[in-house]
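Asks: Please see the structure below; I have some questions.
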Amino acid sequence: MADFKRLAGKHLLTAALCAFVGAASAGPVFLTGHDPDFHAQPGAGGGANLLRAALNFVTGGTYNDANPATPKFLWVESSIVPPGGHLRGEDSLGDIGLSAAHYDAVNAAGLPAVNFANYSAIAIASSFGGTLTRAELDALIARSADIAAFINAGGGLFASAECSAAGGACGANLLAGSTPPDLFGYLPVDVTSIGAAPPFTVTPFGSATFGLTNADMNDPTHNSFGLTGGLNIVDTDSAGNATTLAGIVRIEDGGFTPVPEPGSLGLAALALLGLTLACRRFRSDKPKQR
């Protein structure tokens, strides 16, 4: 009887926590003007460190967990042959030890049908370095409301450089026809992308939260951010502009609303993901109505 009461109490507590998560979750967001998917190849150096830190944060520490019960993350990128000066960003995932057991890849054609709820996070390749094209951006922009709902339900989002808004490469390479508002346009918040000015300096927040160093950030970089939108600054360029932003946030009233204090971001991300997974198991284990 005691065991029954203990199990029943645990069941009720899980149900209550899941109800709380459904009503008040937030998700980890990591935006960078760097292109670690390019510079992580062949799996070493600062680009690899930055890529691991970003994926670890937005997935709540599960990006390299091959347990079949752990949700994968979703990698967004074109499947075209990379033009000169670009590499397939997805190849960087293999270079840091990941495989199809850890992520699914999708391009513009597949994005409309993707159920984001099946994934721990959405990770978006760079357009300068990787092969994110205007087609993927347009498909992501078309689903911006779904992306906001995904983040508000506890899902993560990582996005690499979309090149300098002022640079000719945006029109000449993969984002032909795009204008500055299109950059990071799938986010239902204002993110102003501006030309970067090296060298780059990690902030105390970036060092304490992610263990990043200046050497991890000083590969060629393609945009800084004129606005932070409520996110924390991970590193800055020589002009003092934010080059990488991160935070655990809700998307509401057209902007990011930070949830925990910056010092607890890493623990909060892990706790949110763990509770979200527990809720998924709880819902799947509930007795079926007859």
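Every chain in the structure tokens has a letter given in the order shown (A, B, ...), and although residue numbers restart at 1 in each chain, ligands are simply numbered from 1 in the order shown.
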Got a sec: who's within 9 Å of Pro82 of chain A, counting only C-alpha atoms, leaving out chain neighbours fewer than 6 positions off, as a list in words?
Replies: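 The residues satisfying every condition are Arg88, Gly130 and Thr131 of chain A.
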Asks: Include N, CA and C atoms and write out the residues we just selected as a JSON list (two decimals), in the first residue's frame.
Replies:
[["chain", "number", "residue", "atom", "x", "y", "z"],
["A", 88, "ARG", "N", 30.26, 22.00, -46.99],
["A", 88, "ARG", "CA", 28.98, 21.54, -46.46],
["A", 88, "ARG", "C", 29.06, 21.58, -44.94],
["A", 130, "GLY", "N", 29.08, 27.66, -44.66],
["A", 130, "GLY", "CA", 28.22, 26.51, -44.94],
["A", 130, "GLY", "C", 27.38, 26.77, -46.18],
["A", 131, "THR", "N", 26.31, 25.98, -46.34],
["A", 131, "THR", "CA", 25.48, 26.13, -47.55],
["A", 131, "THR", "C", 24.00, 26.32, -47.20]]
Asks: Select from segment 79-140 of chain A every residue with an atom at most 12 Å from any atom of segment 200-222 of chain A, then for each give the shortest pair of atoms and their distance in Å to one decimal, using only C-alpha atoms, rows by chain and rising number, as a Markdown table.
Replies:
| residue | atom | partner | partner_atom | distance |
| --- | --- | --- | --- | --- |
| A:Ser126 | CA | A:His222 | CA | 9.6 |
| A:Ser127 | CA | A:His222 | CA | 9.5 |
| A:Phe128 | CA | A:His222 | CA | 7.2 |
| A:Gly129 | CA | A:His222 | CA | 9.3 |
| A:Gly130 | CA | A:His222 | CA | 11.9 |
Asks: Could the residues in this selection be written to a file with N, CA and C atoms, as a compact mmCIF listing (two decimals), in the first residue's frame?
Replies:
# COMPACT_ATOMS: atom_id res chain seq x y z
N SER A 126 25.48 27.94 -41.54
CA SER A 126 25.82 29.30 -41.95
C SER A 126 25.61 29.46 -43.46
N SER A 127 25.38 30.69 -43.88
CA SER A 127 25.28 30.97 -45.31
C SER A 127 26.61 31.47 -45.86
N PHE A 128 27.53 31.83 -44.98
CA PHE A 128 28.87 32.19 -45.40
C PHE A 128 29.81 31.19 -44.74
N GLY A 129 30.23 30.21 -45.49
CA GLY A 129 31.01 29.09 -44.96
C GLY A 129 30.28 27.80 -45.23
N GLY A 130 29.08 27.66 -44.66
CA GLY A 130 28.22 26.51 -44.94
C GLY A 130 27.38 26.77 -46.18
Asks: Between atom CA of Asp190 of chain A and atom CA of Leu31 of chain A, measure the distance and give it in Å to one decimal.
Replies: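 According to the coordinates, atom CA of Asp190 of chain A and atom CA of Leu31 of chain A are separated by 12.8 Å.
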Asks: From a DSSP calculation on the backbone, collect every residue of segment 134-238 of chain A in alpha helix (DSSP H) and output the set as a VMD selection string.
Replies: chain A and resid 134 to 142 144 to 152 169 to 172 204 to 210 214 to 217
Asks: Could you pull the residues within 12 Å of Leu87 of chain A, counting only C-alpha atoms, minus those fewer than 6 positions along the same chain, as a list of chain:residue names?
Replies: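 That gives A:Asp35, A:Pro36, A:Asp37, A:Phe38, A:His39, A:Ala40, A:Gln41, A:Pro42, A:Glu77, A:Ser78, A:Ser79, A:Ile80, A:Val81, A:Ala125, A:Ser126, A:Ser127, A:Phe128, A:Gly129, A:Gly130, A:Thr131, A:Leu132.
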Asks: I'd like the neighbourhood of Glu162 of chain A as a ChimeraX atom specification, where a residue qualifies if any of its atoms comes within 12 Å (using only C-alpha atoms), though same-chain residues fewer than 6 positions away should be ignored.
Replies: /A:31-36,124-134,136-137,169-171,173-175,178-185,191-196,221-225,243
Asks: So that I have them on file, write out the residues from the current selection with C-alpha atoms, as an mmCIF file, in the first residue's frame.
Replies:
data_model
loop_
_atom_site.group_PDB
_atom_site.id
_atom_site.type_symbol
_atom_site.label_atom_id
_atom_site.label_comp_id
_atom_site.auth_asym_id
_atom_site.auth_seq_id
_atom_site.Cartn_x
_atom_site.Cartn_y
_atom_site.Cartn_z
ATOM 1 C CA LEU A 31 23.018 32.996 -32.289
ATOM 2 C CA THR A 32 26.463 33.678 -33.685
ATOM 3 C CA GLY A 33 28.007 35.734 -36.466
ATOM 4 C CA HIS A 34 30.800 33.148 -36.618
ATOM 5 C CA ASP A 35 30.549 30.144 -38.944
ATOM 6 C CA PRO A 36 31.763 27.255 -36.765
ATOM 7 C CA ILE A 124 20.900 26.132 -38.713
ATOM 8 C CA ALA A 125 24.008 26.127 -40.904
ATOM 9 C CA SER A 126 25.820 29.296 -41.950
ATOM 10 C CA SER A 127 25.283 30.973 -45.314
ATOM 11 C CA PHE A 128 28.871 32.189 -45.399
ATOM 12 C CA GLY A 129 31.008 29.093 -44.956
ATOM 13 C CA GLY A 130 28.225 26.513 -44.942
ATOM 14 C CA THR A 131 25.478 26.135 -47.546
ATOM 15 C CA LEU A 132 22.358 27.656 -46.038
ATOM 16 C CA THR A 133 20.551 29.236 -49.000
ATOM 17 C CA ARG A 134 17.763 31.733 -49.492
ATOM 18 C CA GLU A 136 16.013 27.496 -46.459
ATOM 19 C CA LEU A 137 15.691 30.995 -45.034
ATOM 20 C CA ALA A 169 28.660 38.153 -50.480
ATOM 21 C CA CYS A 170 25.046 38.069 -49.300
ATOM 22 C CA GLY A 171 23.843 38.757 -52.827
ATOM 23 C CA ASN A 173 26.670 33.726 -53.062
ATOM 24 C CA LEU A 174 23.844 31.766 -51.485
ATOM 25 C CA LEU A 175 21.390 34.467 -50.405
ATOM 26 C CA SER A 178 18.064 38.869 -49.739
ATOM 27 C CA THR A 179 18.044 42.143 -47.842
ATOM 28 C CA PRO A 180 19.117 42.803 -44.257
ATOM 29 C CA PRO A 181 15.668 42.146 -42.710
ATOM 30 C CA ASP A 182 15.766 38.635 -44.199
ATOM 31 C CA LEU A 183 18.851 37.720 -42.168
ATOM 32 C CA PHE A 184 17.754 35.669 -39.155
ATOM 33 C CA GLY A 185 14.254 36.569 -40.330
ATOM 34 C CA VAL A 191 17.946 41.038 -34.839
ATOM 35 C CA THR A 192 20.045 43.597 -36.677
ATOM 36 C CA SER A 193 23.038 42.040 -38.432
ATOM 37 C CA ILE A 194 26.013 44.310 -39.149
ATOM 38 C CA GLY A 195 29.509 43.878 -40.515
ATOM 39 C CA ALA A 196 31.993 42.385 -38.054
ATOM 40 C CA THR A 221 33.546 36.143 -38.860
ATOM 41 C CA HIS A 222 30.734 37.494 -40.976
ATOM 42 C CA ASN A 223 28.283 39.441 -38.870
ATOM 43 C CA SER A 224 27.866 41.145 -35.536
ATOM 44 C CA PHE A 225 24.540 42.121 -33.993
ATOM 45 C CA THR A 243 29.096 38.827 -32.220
#
Asks: Nearest residue to Leu74 of chain A out of A:Gly155, A:Ile141, A:Ala148, A:His86, using only C-alpha atoms?
Replies: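 Closest residue, counting only C-alpha atoms: A:Gly155.
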Asks: According to DSSP computed on the backbone, where in segment 100-263 of chain A is there strand (DSSP E or B)? Give the residues as JSON, numbers by chain.
Replies: {"A": [103, 104, 105, 106, 121, 122, 123, 124, 156, 157, 158, 159, 193, 194, 201, 202, 224, 225, 232, 233, 234, 235, 236, 242, 243, 244, 245, 246, 247, 248, 249, 250, 251, 252, 255, 256, 257, 258]}
Asks: Take the residues from that selection and put them in a file with N, CA and C atoms, as a compact mmCIF listing (two decimals), in the first residue's frame.
Replies:
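What ended up in selection.txt:
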# COMPACT_ATOMS: atom_id res chain seq x y z
N TYR A 103 21.44 13.31 -35.12
CA TYR A 103 20.70 14.40 -35.75
C TYR A 103 20.06 13.91 -37.05
N ASP A 104 19.04 14.66 -37.49
CA ASP A 104 18.47 14.52 -38.82
C ASP A 104 18.76 15.80 -39.58
N ALA A 105 18.99 15.69 -40.89
CA ALA A 105 19.25 16.87 -41.72
C ALA A 105 18.05 17.12 -42.63
N VAL A 106 17.75 18.40 -42.87
CA VAL A 106 16.62 18.76 -43.73
C VAL A 106 16.99 20.00 -44.53
N ALA A 121 16.35 20.31 -30.55
CA ALA A 121 16.76 21.64 -30.99
C ALA A 121 16.78 21.72 -32.50
N ILE A 122 16.73 22.94 -33.01
CA ILE A 122 16.93 23.24 -34.42
C ILE A 122 18.29 23.90 -34.56
N ALA A 123 19.15 23.36 -35.41
CA ALA A 123 20.49 23.93 -35.64
C ALA A 123 20.59 24.33 -37.10
N ILE A 124 20.96 25.57 -37.36
CA ILE A 124 20.90 26.13 -38.71
C ILE A 124 22.31 26.47 -39.19
N GLY A 156 15.39 24.09 -28.28
CA GLY A 156 16.52 24.98 -28.48
C GLY A 156 16.69 25.41 -29.92
N LEU A 157 17.42 26.51 -30.13
CA LEU A 157 17.70 26.97 -31.48
C LEU A 157 19.12 27.51 -31.54
N PHE A 158 19.89 26.99 -32.50
CA PHE A 158 21.25 27.46 -32.77
C PHE A 158 21.32 27.93 -34.21
N ALA A 159 21.88 29.11 -34.44
CA ALA A 159 22.02 29.63 -35.80
C ALA A 159 23.40 30.23 -35.98
N SER A 193 21.74 42.61 -38.10
CA SER A 193 23.04 42.04 -38.43
C SER A 193 23.90 43.10 -39.11
N ILE A 194 25.11 43.30 -38.60
CA ILE A 194 26.01 44.31 -39.15
C ILE A 194 27.37 43.69 -39.43
N THR A 201 36.46 39.29 -28.65
CA THR A 201 36.80 39.09 -27.24
C THR A 201 35.64 38.42 -26.52
N VAL A 202 35.91 37.32 -25.86
CA VAL A 202 34.88 36.62 -25.08
C VAL A 202 34.55 37.43 -23.83
N SER A 224 28.12 40.84 -36.94
CA SER A 224 27.87 41.15 -35.54
C SER A 224 26.42 41.61 -35.43
N PHE A 225 25.94 41.78 -34.21
CA PHE A 225 24.54 42.12 -33.99
C PHE A 225 24.42 43.53 -33.42
N ASN A 232 22.05 37.37 -23.85
CA ASN A 232 23.33 37.72 -23.23
C ASN A 232 24.43 37.72 -24.28
N ILE A 233 25.42 38.59 -24.11
CA ILE A 233 26.52 38.71 -25.07
C ILE A 233 27.62 37.72 -24.71
N VAL A 234 27.97 36.86 -25.67
CA VAL A 234 29.00 35.85 -25.47
C VAL A 234 30.37 36.37 -25.90
N ASP A 235 30.43 37.12 -27.00
CA ASP A 235 31.68 37.77 -27.40
C ASP A 235 31.35 39.03 -28.19
N THR A 236 32.33 39.91 -28.28
CA THR A 236 32.16 41.18 -28.97
C THR A 236 33.26 41.37 -30.00
N ALA A 242 28.04 43.05 -30.26
CA ALA A 242 27.89 41.63 -29.94
C ALA A 242 28.07 40.78 -31.19
N THR A 243 28.88 39.74 -31.10
CA THR A 243 29.10 38.83 -32.22
C THR A 243 28.42 37.49 -31.99
N THR A 244 28.21 37.12 -30.73
CA THR A 244 27.49 35.90 -30.37
C THR A 244 26.56 36.22 -29.21
N LEU A 245 25.34 35.70 -29.28
CA LEU A 245 24.31 35.95 -28.27
C LEU A 245 23.74 34.62 -27.79
N ALA A 246 23.38 34.55 -26.52
CA ALA A 246 22.78 33.31 -26.00
C ALA A 246 21.90 33.63 -24.81
N GLY A 247 20.92 32.77 -24.60
CA GLY A 247 20.06 32.92 -23.43
C GLY A 247 18.97 31.88 -23.43
N ILE A 248 18.35 31.69 -22.28
CA ILE A 248 17.16 30.85 -22.17
C ILE A 248 15.98 31.79 -22.09
N VAL A 249 15.10 31.71 -23.07
CA VAL A 249 14.11 32.76 -23.27
C VAL A 249 12.74 32.17 -23.65
N ARG A 250 11.75 33.01 -23.45
CA ARG A 250 10.46 32.83 -24.09
C ARG A 250 10.34 33.87 -25.19
N ILE A 251 9.55 33.57 -26.20
CA ILE A 251 9.25 34.56 -27.24
C ILE A 251 7.83 35.03 -27.02
N GLU A 252 7.70 36.28 -26.67
CA GLU A 252 6.39 36.85 -26.41
C GLU A 252 6.45 38.35 -26.63
N GLY A 255 9.35 39.75 -28.82
CA GLY A 255 10.75 39.78 -28.40
C GLY A 255 11.11 38.60 -27.53
N PHE A 256 12.39 38.52 -27.17
CA PHE A 256 12.87 37.50 -26.24
C PHE A 256 12.66 37.98 -24.81
N THR A 257 12.11 37.12 -23.97
CA THR A 257 12.00 37.40 -22.55
C THR A 257 12.90 36.44 -21.81
N PRO A 258 14.03 36.89 -21.24
CA PRO A 258 14.91 35.99 -20.50
C PRO A 258 14.20 35.39 -19.31
Asks: When distances are computed from only C-alpha atoms, which of A:Pro112, A:Pro83, A:Gly45, A:Gly154 shows the smallest separation from Ile96 of chain A?
Replies: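 Going through A:Pro112, A:Pro83, A:Gly45, A:Gly154 one by one, the smallest distance to Ile96 of chain A is for A:Gly45.
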